[in-house]
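For reference, the structure is listed below as structure tokens.
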Amino acid sequence: MRQGTLIYNPKSGRFPAGPLIKRVKKTLTEGGWEVKVVQSSSKESLVNHATQAVDNKDHVVFVAGGDGSVGTVASVLASTSTALAVLPAGTANVWAKELGLQHVDWLHWFALEDAAHRLTNGTYRLADLGVCNGSEFLLWAGVGLDAEIVRSAEPRGRWEKSFGFTQYATLAMRETLGWEGIHLHVSSQDVNYEGTYLVAVASNIRAYAGGLVELAPDAKIDDGLLDFWLFEGTSFKDMSNHAIQVLRGRHVDSPGIIHFKTQNAVFHSNDRVAMQLDGEPETMMSPIKFSVRKKVLRVLVPEGGNPTLFSSSL
């Protein structure tokens, strides 16, 4: 029988996952898994539980939580034989969406059980992790407006998370009205840019902004590259124009939006920089160095998941 650990965060997401976990475990057991269920509500306990799973030679760690929890566990599982699987119990659940999983909401009360069933028939793939000044990320790392929005939004109570898109849009509007951009010198082995940017983000996946838009349509999670996006500007008008282009899917060649792919890049700023890594707020000192750890994370992809996110199979 396959062995795994299921970690769930009782504070994560719009709905408490606790009452659903017993049914999830039953589904996994019926699918041939022996699963130990543990509870975690802090980054430290997430790391400890994931480390214990690796030490126990577990095949998989199932994470019932949001993208921050998923990213934290991913960094622990990197370069081990233990794979990462997601049960979408968080707020945005961007990684789960990328894999084709439905999150829990008022219309999908059995989403976690469905995800568990699909994972029992899933396949293993290898994924890259991005690295930002020594901190790893699975999805993205960004500076500028998105980091300011995350800083303002977190931490949130469950009642706030229930508003989802509405709260994000309100915060985005508030932060954008007073945001004048951040001056950066951005360099890699092939390019050099200097200017004032509303947002500068390194993306390892396609989706962005809580999964509301597809920022990097050609991104692959296993190609050893990060997609860098620099949005030039200093005003609400500039940001609005960029947002319209992104929503229309016309931003790839849009004026004022710089895009390049690379393994390594550096952001230089004159001060400490507010950042977001997998949707979690951080603060880092310049220079901010980005790199990629290629195919270091085993991922359990659910049956019927998104194969185009990967360029190759395991």
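Letters A, B, ... mark the chains of the structure tokens in the order given; residue numbers begin at 1 per chain; ligand numbers begin at 1, in order shown.
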
Skipping near chain neighbours, those fewer than 2 positions away, what residues fall within 12 Å of Val54 in chain A using only C-alpha atoms, listed as an mmCIF file with C-alpha atoms, in the first residue's frame?
data_model
loop_
_atom_site.group_PDB
_atom_site.id
_atom_site.type_symbol
_atom_site.label_atom_id
_atom_site.label_comp_id
_atom_site.auth_asym_id
_atom_site.auth_seq_id
_atom_site.Cartn_x
_atom_site.Cartn_y
_atom_site.Cartn_z
ATOM 1 C CA GLN A 3 2.118 5.669 2.121
ATOM 2 C CA GLY A 4 1.475 9.384 2.541
ATOM 3 C CA THR A 5 0.955 12.257 4.933
ATOM 4 C CA VAL A 47 8.112 22.421 7.574
ATOM 5 C CA ASN A 48 8.333 19.999 10.497
ATOM 6 C CA HIS A 49 5.519 17.753 9.223
ATOM 7 C CA ALA A 50 6.887 17.731 5.669
ATOM 8 C CA THR A 51 10.380 16.944 6.941
ATOM 9 C CA GLN A 52 9.008 14.062 9.001
ATOM 10 C CA ASN A 56 9.518 8.345 6.919
ATOM 11 C CA LYS A 57 10.023 7.731 3.180
ATOM 12 C CA ASP A 58 6.442 8.721 2.404
ATOM 13 C CA HIS A 59 5.536 8.531 -1.260
ATOM 14 C CA VAL A 60 3.480 11.736 -1.166
ATOM 15 C CA VAL A 61 2.622 14.702 1.035
ATOM 16 C CA VAL A 73 5.999 22.186 1.563
ATOM 17 C CA ALA A 74 7.420 22.176 -1.974
ATOM 18 C CA SER A 75 10.678 23.706 -0.727
ATOM 19 C CA VAL A 76 11.015 20.892 1.839
ATOM 20 C CA LEU A 77 10.287 18.125 -0.668
ATOM 21 C CA ALA A 78 12.720 19.425 -3.297
ATOM 22 C CA SER A 79 15.452 16.920 -4.213
ATOM 23 C CA THR A 80 13.716 14.103 -2.307
ATOM 24 C CA SER A 81 11.737 11.079 -3.490
ATOM 25 C CA THR A 82 8.585 12.347 -1.729
ATOM 26 C CA ALA A 83 6.097 13.971 -4.098
ATOM 27 C CA LEU A 84 3.799 16.959 -3.594
#

Check your understanding: Could you pull out the alpha helix (DSSP H) residues of range 53-146 of chain A from DSSP and send them as an MDAnalysis selection string?
Key -> chainID A and resid 53:55 67:77 94:98 111:120 145:146

Filtering to C-alpha atoms, could you give me those residues as a PDB file, in the first residue's frame?
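Wrote it out as out28.pdb, contents follow:
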ATOM      1  CA  ALA A  53       7.220  12.707   5.939  1.00  0.00           C
ATOM      2  CA  VAL A  54      10.490  12.733   4.003  1.00  0.00           C
ATOM      3  CA  ASP A  55      12.277  10.994   6.884  1.00  0.00           C
ATOM      4  CA  ASP A  67      -0.635  28.411  -2.311  1.00  0.00           C
ATOM      5  CA  GLY A  68       1.530  29.655   0.556  1.00  0.00           C
ATOM      6  CA  SER A  69       1.274  26.275   2.297  1.00  0.00           C
ATOM      7  CA  VAL A  70       1.892  24.432  -0.971  1.00  0.00           C
ATOM      8  CA  GLY A  71       4.998  26.523  -1.680  1.00  0.00           C
ATOM      9  CA  THR A  72       6.386  25.965   1.816  1.00  0.00           C
ATOM     10  CA  VAL A  73       5.999  22.186   1.563  1.00  0.00           C
ATOM     11  CA  ALA A  74       7.420  22.176  -1.974  1.00  0.00           C
ATOM     12  CA  SER A  75      10.678  23.706  -0.727  1.00  0.00           C
ATOM     13  CA  VAL A  76      11.015  20.892   1.839  1.00  0.00           C
ATOM     14  CA  LEU A  77      10.287  18.125  -0.668  1.00  0.00           C
ATOM     15  CA  VAL A  94      -3.690  28.889  -8.122  1.00  0.00           C
ATOM     16  CA  TRP A  95      -1.469  25.798  -8.198  1.00  0.00           C
ATOM     17  CA  ALA A  96      -4.531  23.556  -7.985  1.00  0.00           C
ATOM     18  CA  LYS A  97      -6.167  25.472 -10.852  1.00  0.00           C
ATOM     19  CA  GLU A  98      -3.041  25.030 -12.941  1.00  0.00           C
ATOM     20  CA  ALA A 111     -14.259  19.280  -4.482  1.00  0.00           C
ATOM     21  CA  LEU A 112     -11.677  17.872  -2.043  1.00  0.00           C
ATOM     22  CA  GLU A 113     -13.040  14.349  -2.368  1.00  0.00           C
ATOM     23  CA  ASP A 114     -13.034  14.671  -6.149  1.00  0.00           C
ATOM     24  CA  ALA A 115      -9.425  15.897  -6.032  1.00  0.00           C
ATOM     25  CA  ALA A 116      -8.457  12.984  -3.775  1.00  0.00           C
ATOM     26  CA  HIS A 117     -10.072  10.498  -6.152  1.00  0.00           C
ATOM     27  CA  ARG A 118      -8.280  11.967  -9.159  1.00  0.00           C
ATOM     28  CA  LEU A 119      -4.966  11.954  -7.288  1.00  0.00           C
ATOM     29  CA  THR A 120      -5.284   8.226  -6.549  1.00  0.00           C
ATOM     30  CA  LEU A 145       2.175  46.645  -6.769  1.00  0.00           C
ATOM     31  CA  ASP A 146       1.396  42.944  -6.303  1.00  0.00           C
TER      32      ASP A 146
END

Check your understanding: Among range 192-267 of chain A, which ones does DSSP place in strand (DSSP E or B), written as JSON, numbers by chain?
Key -> {"A": [192, 193, 194, 195, 196, 197, 198, 199, 200, 201, 202, 203, 207, 208, 213, 214, 226, 227, 228, 229, 230, 231, 232, 257, 258, 259, 260, 261, 262, 265, 266, 267]}

Point to revise | Distance in Å - CA of Gly32 in chain A versus CA of Asn9 in chain A | key: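 Interatomic distance, CA of Gly32 in chain A to CA of Asn9 in chain A: 23.8 Å.
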
**Study point:** Nearby residues (only C-alpha atoms) at most 7 Å from His103 in chain A, same-chain spacing under 2 positions excluded, as an MDAnalysis selection string
**Key:** chainID A and resid 88:89 93 101 105 111

Point to revise | Straight-line distance linking CA of Phe137 in chain A with CA of Gly210 in chain A, stated in Å to one decimal | key: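 It comes out at 15.2 Å.
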
**Study point:** For His242 in chain A: contacts at 12 Å, only C-alpha atoms, fewer than 2 positions along chain excluded, given as a VMD selection string
**Key:** chain A and resid 197 to 199 215 229 to 240 244 to 258

Next, the residues of the selection above should be written as a CSV table (one decimal), in the first residue's frame with N, CA and C atoms.
chain,number,residue,atom,x,y,z
A,197,TYR,N,9.0,50.7,-12.6
A,197,TYR,CA,8.1,49.6,-12.9
A,197,TYR,C,7.0,49.6,-11.8
A,198,LEU,N,5.8,49.4,-12.3
A,198,LEU,CA,4.6,49.2,-11.4
A,198,LEU,C,4.7,47.8,-10.8
A,199,VAL,N,5.0,46.9,-11.6
A,199,VAL,CA,5.2,45.5,-11.2
A,199,VAL,C,6.4,44.9,-11.9
A,215,LEU,N,-0.9,35.2,-17.3
A,215,LEU,CA,0.2,36.1,-17.6
A,215,LEU,C,1.2,35.6,-18.5
A,229,TRP,N,8.4,39.5,-16.1
A,229,TRP,CA,7.5,40.5,-16.7
A,229,TRP,C,7.8,41.8,-15.9
A,230,LEU,N,8.0,42.9,-16.7
A,230,LEU,CA,8.3,44.2,-16.1
A,230,LEU,C,7.2,45.1,-16.7
A,231,PHE,N,6.4,45.7,-15.9
A,231,PHE,CA,5.3,46.6,-16.3
A,231,PHE,C,5.8,48.1,-16.0
A,232,GLU,N,6.1,48.8,-17.0
A,232,GLU,CA,6.6,50.1,-16.9
A,232,GLU,C,5.4,51.1,-16.5
A,233,GLY,N,5.8,52.2,-15.8
A,233,GLY,CA,4.8,53.2,-15.5
A,233,GLY,C,4.9,53.8,-14.1
A,234,THR,N,4.1,54.8,-13.9
A,234,THR,CA,4.2,55.6,-12.6
A,234,THR,C,2.8,56.0,-12.1
A,235,SER,N,1.8,55.5,-12.8
A,235,SER,CA,0.4,56.1,-12.5
A,235,SER,C,-0.7,55.0,-12.6
A,236,PHE,N,-1.8,55.4,-12.0
A,236,PHE,CA,-3.0,54.6,-12.1
A,236,PHE,C,-3.4,54.3,-13.6
A,237,LYS,N,-3.3,55.4,-14.4
A,237,LYS,CA,-3.6,55.2,-15.8
A,237,LYS,C,-2.7,54.2,-16.5
A,238,ASP,N,-1.4,54.2,-16.2
A,238,ASP,CA,-0.5,53.2,-16.8
A,238,ASP,C,-0.9,51.8,-16.4
A,239,MET,N,-1.2,51.6,-15.1
A,239,MET,CA,-1.6,50.3,-14.6
A,239,MET,C,-2.9,49.9,-15.2
A,240,SER,N,-3.8,50.8,-15.4
A,240,SER,CA,-5.1,50.4,-16.0
A,240,SER,C,-4.9,50.0,-17.4
A,244,ILE,N,-5.8,46.1,-18.8
A,244,ILE,CA,-6.7,45.9,-19.9
A,244,ILE,C,-6.0,45.0,-20.9
A,245,GLN,N,-4.7,45.2,-21.2
A,245,GLN,CA,-4.0,44.4,-22.2
A,245,GLN,C,-3.9,42.9,-21.7
A,246,VAL,N,-3.6,42.8,-20.4
A,246,VAL,CA,-3.5,41.5,-19.8
A,246,VAL,C,-4.8,40.7,-19.9
A,247,LEU,N,-5.9,41.4,-19.5
A,247,LEU,CA,-7.2,40.8,-19.5
A,247,LEU,C,-7.6,40.3,-20.9
A,248,ARG,N,-7.2,41.1,-21.9
A,248,ARG,CA,-7.5,40.8,-23.3
A,248,ARG,C,-6.5,39.7,-23.8
A,249,GLY,N,-5.5,39.4,-23.1
A,249,GLY,CA,-4.5,38.5,-23.6
A,249,GLY,C,-3.6,39.1,-24.7
A,250,ARG,N,-3.5,40.4,-24.7
A,250,ARG,CA,-2.7,41.1,-25.7
A,250,ARG,C,-1.4,41.7,-25.2
A,251,HIS,N,-1.0,41.3,-24.0
A,251,HIS,CA,0.1,42.0,-23.3
A,251,HIS,C,1.5,41.5,-23.7
A,252,VAL,N,1.5,40.3,-24.4
A,252,VAL,CA,2.8,39.8,-24.7
A,252,VAL,C,3.7,40.7,-25.5
A,253,ASP,N,3.0,41.4,-26.5
A,253,ASP,CA,3.8,42.3,-27.4
A,253,ASP,C,3.3,43.8,-27.1
A,254,SER,N,2.8,44.0,-26.0
A,254,SER,CA,2.2,45.4,-25.7
A,254,SER,C,3.3,46.4,-25.3
A,255,PRO,N,3.3,47.6,-25.8
A,255,PRO,CA,4.3,48.6,-25.4
A,255,PRO,C,4.2,48.9,-23.9
A,256,GLY,N,5.4,49.0,-23.3
A,256,GLY,CA,5.5,49.3,-21.9
A,256,GLY,C,5.5,48.0,-21.0
A,257,ILE,N,5.4,46.9,-21.7
A,257,ILE,CA,5.5,45.6,-20.9
A,257,ILE,C,6.7,44.8,-21.5
A,258,ILE,N,7.6,44.5,-20.6
A,258,ILE,CA,8.8,43.8,-21.0
A,258,ILE,C,8.7,42.4,-20.6

Can you pull out every residue within 9 Å of Asn306 in chain A, counting only C-alpha atoms, but drop anything in the same chain fewer than 4 positions away, and send it as a PDB file with C-alpha atoms, in the first residue's frame?
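The resulting file, part-v4.pdb, is shown below:
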ATOM      1  CA  GLU A  98      -3.041  25.030 -12.941  1.00  0.00           C
ATOM      2  CA  LEU A  99      -3.451  21.284 -12.433  1.00  0.00           C
ATOM      3  CA  GLY A 100      -7.135  21.382 -13.338  1.00  0.00           C
ATOM      4  CA  VAL A 301      -0.635  15.356 -11.107  1.00  0.00           C
ATOM      5  CA  PRO A 302      -4.335  14.385 -10.836  1.00  0.00           C
ATOM      6  CA  PHE A 310       4.798  20.362 -18.457  1.00  0.00           C
TER       7      PHE A 310
END
